[in-house]
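Structure data (compact mmCIF, C-alpha atoms) from coords.txt:
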```txt
# COMPACT_ATOMS: atom_id res chain seq x y z
CA MET P 1 80.74 52.18 -17.25
CA GLU P 2 81.58 51.75 -13.58
CA VAL P 3 79.53 52.54 -10.50
CA GLU P 4 81.55 53.59 -7.44
CA VAL P 5 80.25 52.71 -3.99
CA ARG P 6 81.54 54.29 -0.77
CA LEU P 7 80.37 53.58 2.75
CA GLY P 8 80.17 55.85 5.76
CA GLY P 9 79.65 54.93 9.37
CA ALA P 10 81.39 53.74 12.49
CA ASP P 11 82.21 50.18 11.37
CA SER P 12 83.16 51.10 7.83
CA VAL P 13 85.93 48.47 7.46
CA GLU P 14 83.67 45.60 8.54
CA GLU P 15 80.75 46.96 6.53
CA PHE P 16 82.98 47.48 3.47
CA THR P 17 84.09 43.85 3.62
CA SER P 18 80.51 42.68 4.14
CA LEU P 19 79.19 44.65 1.14
CA LEU P 20 82.09 43.57 -1.08
CA GLN P 21 81.46 39.90 -0.28
CA TRP P 22 77.69 40.38 -0.70
CA LEU P 23 78.04 41.90 -4.17
CA ARG P 24 80.65 39.38 -5.26
CA GLY P 25 78.30 36.59 -4.15
CA ASP P 26 75.52 37.80 -6.44
CA ARG P 27 75.71 35.59 -9.53
CA ASN P 28 74.36 38.42 -11.70
CA LEU P 29 77.36 40.55 -10.71
CA GLN P 30 80.11 37.92 -10.79
CA GLY P 31 83.30 39.21 -12.37
CA ARG P 32 82.05 42.81 -12.24
CA VAL P 33 82.84 43.77 -8.63
CA ARG P 34 86.23 44.86 -7.34
CA ALA P 35 87.72 46.71 -4.41
CA ARG P 36 89.58 49.89 -5.32
CA ARG P 37 92.09 51.97 -3.46
CA MET P 38 91.65 55.67 -2.99
CA ALA P 39 94.56 57.84 -4.05
CA SER P 40 96.93 58.45 -1.14
CA GLN P 41 97.78 61.92 0.07
CA GLU P 42 101.40 63.14 0.37
CA GLU P 43 101.56 62.45 4.12
CA GLU P 44 100.01 58.95 3.82
CA LEU P 45 101.89 55.72 3.19
CA GLY P 46 99.32 54.32 0.79
CA GLY P 47 95.66 54.28 -0.06
CA ALA P 48 93.35 51.87 1.70
CA PHE P 49 90.54 49.97 0.05
CA GLU P 50 87.69 52.43 0.47
CA LEU P 51 85.73 52.06 -2.71
CA ILE P 52 83.86 49.29 -4.50
CA GLY P 53 83.69 49.46 -8.27
CA VAL P 54 80.94 47.65 -10.15
CA ALA P 55 81.10 47.43 -13.94
CA ILE P 56 77.60 47.89 -15.32
CA GLY P 57 76.17 48.03 -18.79
CA SER P 58 73.30 46.47 -20.62
CA GLY P 59 71.53 43.23 -19.82
CA GLY P 60 70.00 44.12 -16.48
CA VAL P 61 73.26 44.47 -14.56
CA ALA P 62 72.20 47.90 -13.22
CA SER P 63 68.95 46.44 -11.89
CA ALA P 64 70.81 43.48 -10.37
CA PHE P 65 73.25 45.86 -8.66
CA VAL P 66 70.48 48.04 -7.23
CA THR P 67 68.52 45.03 -6.00
CA SER P 68 71.60 43.50 -4.39
CA LEU P 69 72.63 46.77 -2.74
CA GLY P 70 69.08 47.31 -1.47
CA SER P 71 68.99 43.80 -0.02
CA TRP P 72 72.31 44.34 1.72
CA LEU P 73 71.14 47.66 3.17
CA SER P 74 67.95 46.04 4.42
CA SER P 75 70.00 43.39 6.22
CA ARG P 76 71.92 45.98 8.26
CA ARG P 77 70.88 46.41 11.89
CA SER P 78 72.60 49.75 12.39
CA GLU P 79 72.40 52.98 10.44
CA GLN P 80 74.37 52.78 7.22
CA SER P 81 75.27 55.52 4.77
CA VAL P 82 76.11 54.62 1.17
CA SER P 83 77.26 56.96 -1.56
CA VAL P 84 76.89 55.72 -5.14
CA THR P 85 78.57 57.62 -7.98
CA VAL P 86 77.92 57.07 -11.67
CA GLY P 87 79.98 59.32 -13.91
CA GLU P 88 79.66 62.86 -12.55
CA LYS P 89 76.44 62.16 -10.64
CA SER P 90 76.16 60.90 -7.10
CA VAL P 91 73.40 59.88 -4.72
CA GLN P 92 73.66 59.35 -0.98
CA ILE P 93 71.42 56.84 0.78
CA THR P 94 71.15 56.57 4.54
CA ARG P 95 69.32 53.55 5.82
CA ASN P 96 68.31 53.07 9.43
CA SER P 97 65.75 50.93 11.18
CA THR P 98 62.90 53.28 10.26
CA THR P 99 63.93 54.41 6.77
CA PRO P 100 64.33 51.83 4.00
CA ALA P 101 66.83 52.47 1.22
CA ASP P 102 65.41 54.33 -1.78
CA GLU P 103 66.12 51.76 -4.48
CA ALA P 104 63.95 53.55 -7.04
CA GLU P 105 66.03 56.75 -6.81
CA LEU P 106 69.27 54.81 -7.12
CA LEU P 107 68.04 52.85 -10.14
CA ARG P 108 66.78 56.06 -11.78
CA LEU P 109 70.20 57.70 -11.35
CA ILE P 110 72.08 54.73 -12.81
CA LYS P 111 69.74 54.32 -15.77
CA GLN P 112 69.78 58.06 -16.52
CA THR P 113 73.57 58.12 -16.51
CA LEU P 114 73.80 55.05 -18.75
CA ASP P 115 71.38 56.60 -21.23
CA GLU P 116 73.54 59.74 -21.38
CA ALA P 117 76.74 57.75 -22.01
```
Represent the structure contained in this file as structure tokens.
Amino acid sequence: MEVEVRLGGADSVEEFTSLLQWLRGDRNLQGRVRARRMASQEEELGGAFELIGVAIGSGGVASAFVTSLGSWLSSRRSEQSVSVTVGEKSVQITRNSTTPADEAELLRLIKQTLDEA
């Protein structure tokens, strides 16, 4: 199963690259993280990399992903919005200097979806 991660915010290209490198640098996620292109519309020349896919399954990979994403969010100085989709379910997390990311909610969503698969 694959988790899809999308970012929102003003510096989305820089933040996308930062998160992609962060997740790829996590030894528990090595070989499971890839950048994906969004489908292009008729009037567009081609899809840009806007989505990070993380292959998860058993063995604690979901927990490693959530921990790594939470650490990355905590390292951000500006407000950052992250949308994580697992199957048909999605959760949006907005982290700013006063609101930490809700790792527990994200982990609950991922584990629930995996149990249903």
Closest-contact table, segment 64-95 of chain P side, partner segment 19-32 of chain P, 8 Å, counting only C-alpha atoms, as JSON lines:
```
{"residue": "P:Ala64", "atom": "CA", "partner": "P:Asn28", "partner_atom": "CA", "distance": 6.3}
{"residue": "P:Phe65", "atom": "CA", "partner": "P:Leu29", "partner_atom": "CA", "distance": 7.0}
{"residue": "P:Ser68", "atom": "CA", "partner": "P:Leu23", "partner_atom": "CA", "distance": 6.6}
{"residue": "P:Leu69", "atom": "CA", "partner": "P:Leu23", "partner_atom": "CA", "distance": 7.4}
{"residue": "P:Trp72", "atom": "CA", "partner": "P:Leu19", "partner_atom": "CA", "distance": 6.9}
```
_Nearby residues (all atoms listed in the file) at most 6 Å from Ser81 of chain P, same-chain spacing under 3 positions excluded, as a PyMOL selection string_ = chain P and resi 7-8+93-94
*Pairwise distance for atom CA of Val13 of chain P and atom CA of Arg36 of chain P, rounded to one decimal in Å*: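 Distance reported for this atom pair: 13.4 Å.
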*Please provide the set of residues having any atom within 12 Å of Ser90 of chain P, restricted to all atoms listed in the file, with same-chain residues fewer than 3 positions apart removed, written as a PyMOL selection string.*
chain P and resi 3-6+82-87+93+105-110+112-113
*Mind pulling up the distance from atom CA of Thr67 of chain P to atom CA of Glu88 of chain P?*
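Distance between the two atoms: 22.0 Å.
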Edge lengths and centre in Å, axis-aligned, segment 12-19 of chain P plus 3 Å each side, as lines of an AutoDock Vina configuration file:
```
center_x = 82.6
center_y = 46.9
center_z = 4.8
size_x = 12.7
size_y = 14.4
size_z = 13.4
```
*One-decimal distance in Å that lies between atom CA of Gln80 of chain P and atom CA of Gly59 of chain P*: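 Distance between the two atoms: 28.8 Å.
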*Nearest to Leu51 of chain P by atom-to-atom distance, counting all atoms listed in the file, from P:Ser63, P:Ser78, P:Ser71, P:Thr17*: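 Closest candidate: P:Thr17.
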*When distances are computed from all atoms listed in the file, which of P:Ala104, P:Gly57, P:Ala35, P:Glu79 shows the smallest separation from Val91 of chain P?*
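The shortest atom-to-atom distance to Val91 of chain P comes from P:Ala104.
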_Using only C-alpha atoms for the distances, tell me which of P:Ile56, P:Val33, P:Val66, P:Leu73 is nearest to Met1 of chain P._
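For Met1 of chain P, the nearest of the given residues is P:Ile56.
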*Give the answer as one residue: which of P:Ala55, P:Ser75, P:Gly60, P:Lys111 has the shortest atom-to-atom distance to Arg95 of chain P, using all atoms listed in the file?*
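When distances to Arg95 of chain P are compared using all atoms listed in the file, the smallest one comes from P:Ser75.
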Mind filling out segment 13-37 of chain P with N, CA, C and O atoms and sending it as a PDB file, in the frame of the given file?
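The new file result_25.pdb reads:
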```pdb
ATOM      1  N   VAL P  13      85.074  49.542   7.973  1.00  0.00           N
ATOM      2  CA  VAL P  13      85.930  48.470   7.460  1.00  0.00           C
ATOM      3  C   VAL P  13      85.150  47.159   7.423  1.00  0.00           C
ATOM      4  O   VAL P  13      85.155  46.450   6.414  1.00  0.00           O
ATOM      5  N   GLU P  14      84.468  46.828   8.508  1.00  0.00           N
ATOM      6  CA  GLU P  14      83.670  45.600   8.540  1.00  0.00           C
ATOM      7  C   GLU P  14      82.529  45.662   7.544  1.00  0.00           C
ATOM      8  O   GLU P  14      82.248  44.689   6.846  1.00  0.00           O
ATOM      9  N   GLU P  15      81.875  46.804   7.454  1.00  0.00           N
ATOM     10  CA  GLU P  15      80.750  46.960   6.530  1.00  0.00           C
ATOM     11  C   GLU P  15      81.235  46.923   5.076  1.00  0.00           C
ATOM     12  O   GLU P  15      80.570  46.363   4.219  1.00  0.00           O
ATOM     13  N   PHE P  16      82.395  47.516   4.812  1.00  0.00           N
ATOM     14  CA  PHE P  16      82.980  47.480   3.470  1.00  0.00           C
ATOM     15  C   PHE P  16      83.203  46.040   3.039  1.00  0.00           C
ATOM     16  O   PHE P  16      82.822  45.632   1.943  1.00  0.00           O
ATOM     17  N   THR P  17      83.815  45.255   3.909  1.00  0.00           N
ATOM     18  CA  THR P  17      84.090  43.850   3.620  1.00  0.00           C
ATOM     19  C   THR P  17      82.789  43.077   3.414  1.00  0.00           C
ATOM     20  O   THR P  17      82.674  42.274   2.488  1.00  0.00           O
ATOM     21  N   SER P  18      81.807  43.352   4.252  1.00  0.00           N
ATOM     22  CA  SER P  18      80.510  42.680   4.140  1.00  0.00           C
ATOM     23  C   SER P  18      79.848  42.990   2.796  1.00  0.00           C
ATOM     24  O   SER P  18      79.365  42.081   2.108  1.00  0.00           O
ATOM     25  N   LEU P  19      79.813  44.273   2.407  1.00  0.00           N
ATOM     26  CA  LEU P  19      79.190  44.650   1.140  1.00  0.00           C
ATOM     27  C   LEU P  19      79.957  44.071  -0.042  1.00  0.00           C
ATOM     28  O   LEU P  19      79.359  43.568  -0.995  1.00  0.00           O
ATOM     29  N   LEU P  20      81.270  44.119   0.013  1.00  0.00           N
ATOM     30  CA  LEU P  20      82.090  43.570  -1.080  1.00  0.00           C
ATOM     31  C   LEU P  20      81.790  42.084  -1.273  1.00  0.00           C
ATOM     32  O   LEU P  20      81.560  41.626  -2.398  1.00  0.00           O
ATOM     33  N   GLN P  21      81.760  41.329  -0.190  1.00  0.00           N
ATOM     34  CA  GLN P  21      81.460  39.900  -0.280  1.00  0.00           C
ATOM     35  C   GLN P  21      80.025  39.668  -0.768  1.00  0.00           C
ATOM     36  O   GLN P  21      79.763  38.760  -1.553  1.00  0.00           O
ATOM     37  N   TRP P  22      79.096  40.501  -0.304  1.00  0.00           N
ATOM     38  CA  TRP P  22      77.690  40.380  -0.700  1.00  0.00           C
ATOM     39  C   TRP P  22      77.552  40.555  -2.222  1.00  0.00           C
ATOM     40  O   TRP P  22      76.905  39.758  -2.886  1.00  0.00           O
ATOM     41  N   LEU P  23      78.145  41.627  -2.737  1.00  0.00           N
ATOM     42  CA  LEU P  23      78.040  41.900  -4.170  1.00  0.00           C
ATOM     43  C   LEU P  23      78.756  40.845  -5.002  1.00  0.00           C
ATOM     44  O   LEU P  23      78.263  40.421  -6.046  1.00  0.00           O
ATOM     45  N   ARG P  24      79.914  40.417  -4.534  1.00  0.00           N
ATOM     46  CA  ARG P  24      80.650  39.380  -5.260  1.00  0.00           C
ATOM     47  C   ARG P  24      79.902  38.050  -5.258  1.00  0.00           C
ATOM     48  O   ARG P  24      80.063  37.241  -6.162  1.00  0.00           O
ATOM     49  N   GLY P  25      79.074  37.824  -4.244  1.00  0.00           N
ATOM     50  CA  GLY P  25      78.300  36.590  -4.150  1.00  0.00           C
ATOM     51  C   GLY P  25      77.062  36.577  -5.024  1.00  0.00           C
ATOM     52  O   GLY P  25      76.449  35.527  -5.216  1.00  0.00           O
ATOM     53  N   ASP P  26      76.695  37.723  -5.560  1.00  0.00           N
ATOM     54  CA  ASP P  26      75.520  37.800  -6.440  1.00  0.00           C
ATOM     55  C   ASP P  26      75.918  37.288  -7.814  1.00  0.00           C
ATOM     56  O   ASP P  26      76.774  37.860  -8.482  1.00  0.00           O
ATOM     57  N   ARG P  27      75.295  36.200  -8.254  1.00  0.00           N
ATOM     58  CA  ARG P  27      75.710  35.590  -9.530  1.00  0.00           C
ATOM     59  C   ARG P  27      75.495  36.513 -10.720  1.00  0.00           C
ATOM     60  O   ARG P  27      76.189  36.399 -11.724  1.00  0.00           O
ATOM     61  N   ASN P  28      74.573  37.469 -10.609  1.00  0.00           N
ATOM     62  CA  ASN P  28      74.360  38.420 -11.700  1.00  0.00           C
ATOM     63  C   ASN P  28      75.473  39.461 -11.801  1.00  0.00           C
ATOM     64  O   ASN P  28      75.583  40.158 -12.805  1.00  0.00           O
ATOM     65  N   LEU P  29      76.281  39.562 -10.741  1.00  0.00           N
ATOM     66  CA  LEU P  29      77.360  40.550 -10.710  1.00  0.00           C
ATOM     67  C   LEU P  29      78.749  39.916 -10.739  1.00  0.00           C
ATOM     68  O   LEU P  29      79.752  40.627 -10.683  1.00  0.00           O
ATOM     69  N   GLN P  30      78.821  38.605 -10.836  1.00  0.00           N
ATOM     70  CA  GLN P  30      80.110  37.920 -10.790  1.00  0.00           C
ATOM     71  C   GLN P  30      81.052  38.434 -11.873  1.00  0.00           C
ATOM     72  O   GLN P  30      80.667  38.614 -13.026  1.00  0.00           O
ATOM     73  N   GLY P  31      82.272  38.712 -11.455  1.00  0.00           N
ATOM     74  CA  GLY P  31      83.300  39.210 -12.370  1.00  0.00           C
ATOM     75  C   GLY P  31      83.210  40.706 -12.623  1.00  0.00           C
ATOM     76  O   GLY P  31      84.014  41.255 -13.356  1.00  0.00           O
ATOM     77  N   ARG P  32      82.254  41.375 -12.008  1.00  0.00           N
ATOM     78  CA  ARG P  32      82.050  42.810 -12.240  1.00  0.00           C
ATOM     79  C   ARG P  32      82.369  43.667 -11.023  1.00  0.00           C
ATOM     80  O   ARG P  32      82.311  44.883 -11.101  1.00  0.00           O
ATOM     81  N   VAL P  33      82.662  43.046  -9.882  1.00  0.00           N
ATOM     82  CA  VAL P  33      82.840  43.770  -8.630  1.00  0.00           C
ATOM     83  C   VAL P  33      84.292  43.701  -8.192  1.00  0.00           C
ATOM     84  O   VAL P  33      84.891  42.630  -8.173  1.00  0.00           O
ATOM     85  N   ARG P  34      84.857  44.861  -7.833  1.00  0.00           N
ATOM     86  CA  ARG P  34      86.230  44.860  -7.340  1.00  0.00           C
ATOM     87  C   ARG P  34      86.421  45.961  -6.302  1.00  0.00           C
ATOM     88  O   ARG P  34      85.735  46.981  -6.314  1.00  0.00           O
ATOM     89  N   ALA P  35      87.342  45.708  -5.406  1.00  0.00           N
ATOM     90  CA  ALA P  35      87.720  46.710  -4.410  1.00  0.00           C
ATOM     91  C   ALA P  35      88.748  47.632  -5.053  1.00  0.00           C
ATOM     92  O   ALA P  35      89.613  47.180  -5.807  1.00  0.00           O
ATOM     93  N   ARG P  36      88.629  48.916  -4.766  1.00  0.00           N
ATOM     94  CA  ARG P  36      89.580  49.890  -5.320  1.00  0.00           C
ATOM     95  C   ARG P  36      90.178  50.712  -4.208  1.00  0.00           C
ATOM     96  O   ARG P  36      89.539  50.999  -3.210  1.00  0.00           O
ATOM     97  N   ARG P  37      91.400  51.109  -4.412  1.00  0.00           N
ATOM     98  CA  ARG P  37      92.090  51.970  -3.460  1.00  0.00           C
ATOM     99  C   ARG P  37      91.834  53.433  -3.808  1.00  0.00           C
ATOM    100  O   ARG P  37      91.782  53.791  -4.975  1.00  0.00           O
TER     101      ARG P  37
END
```
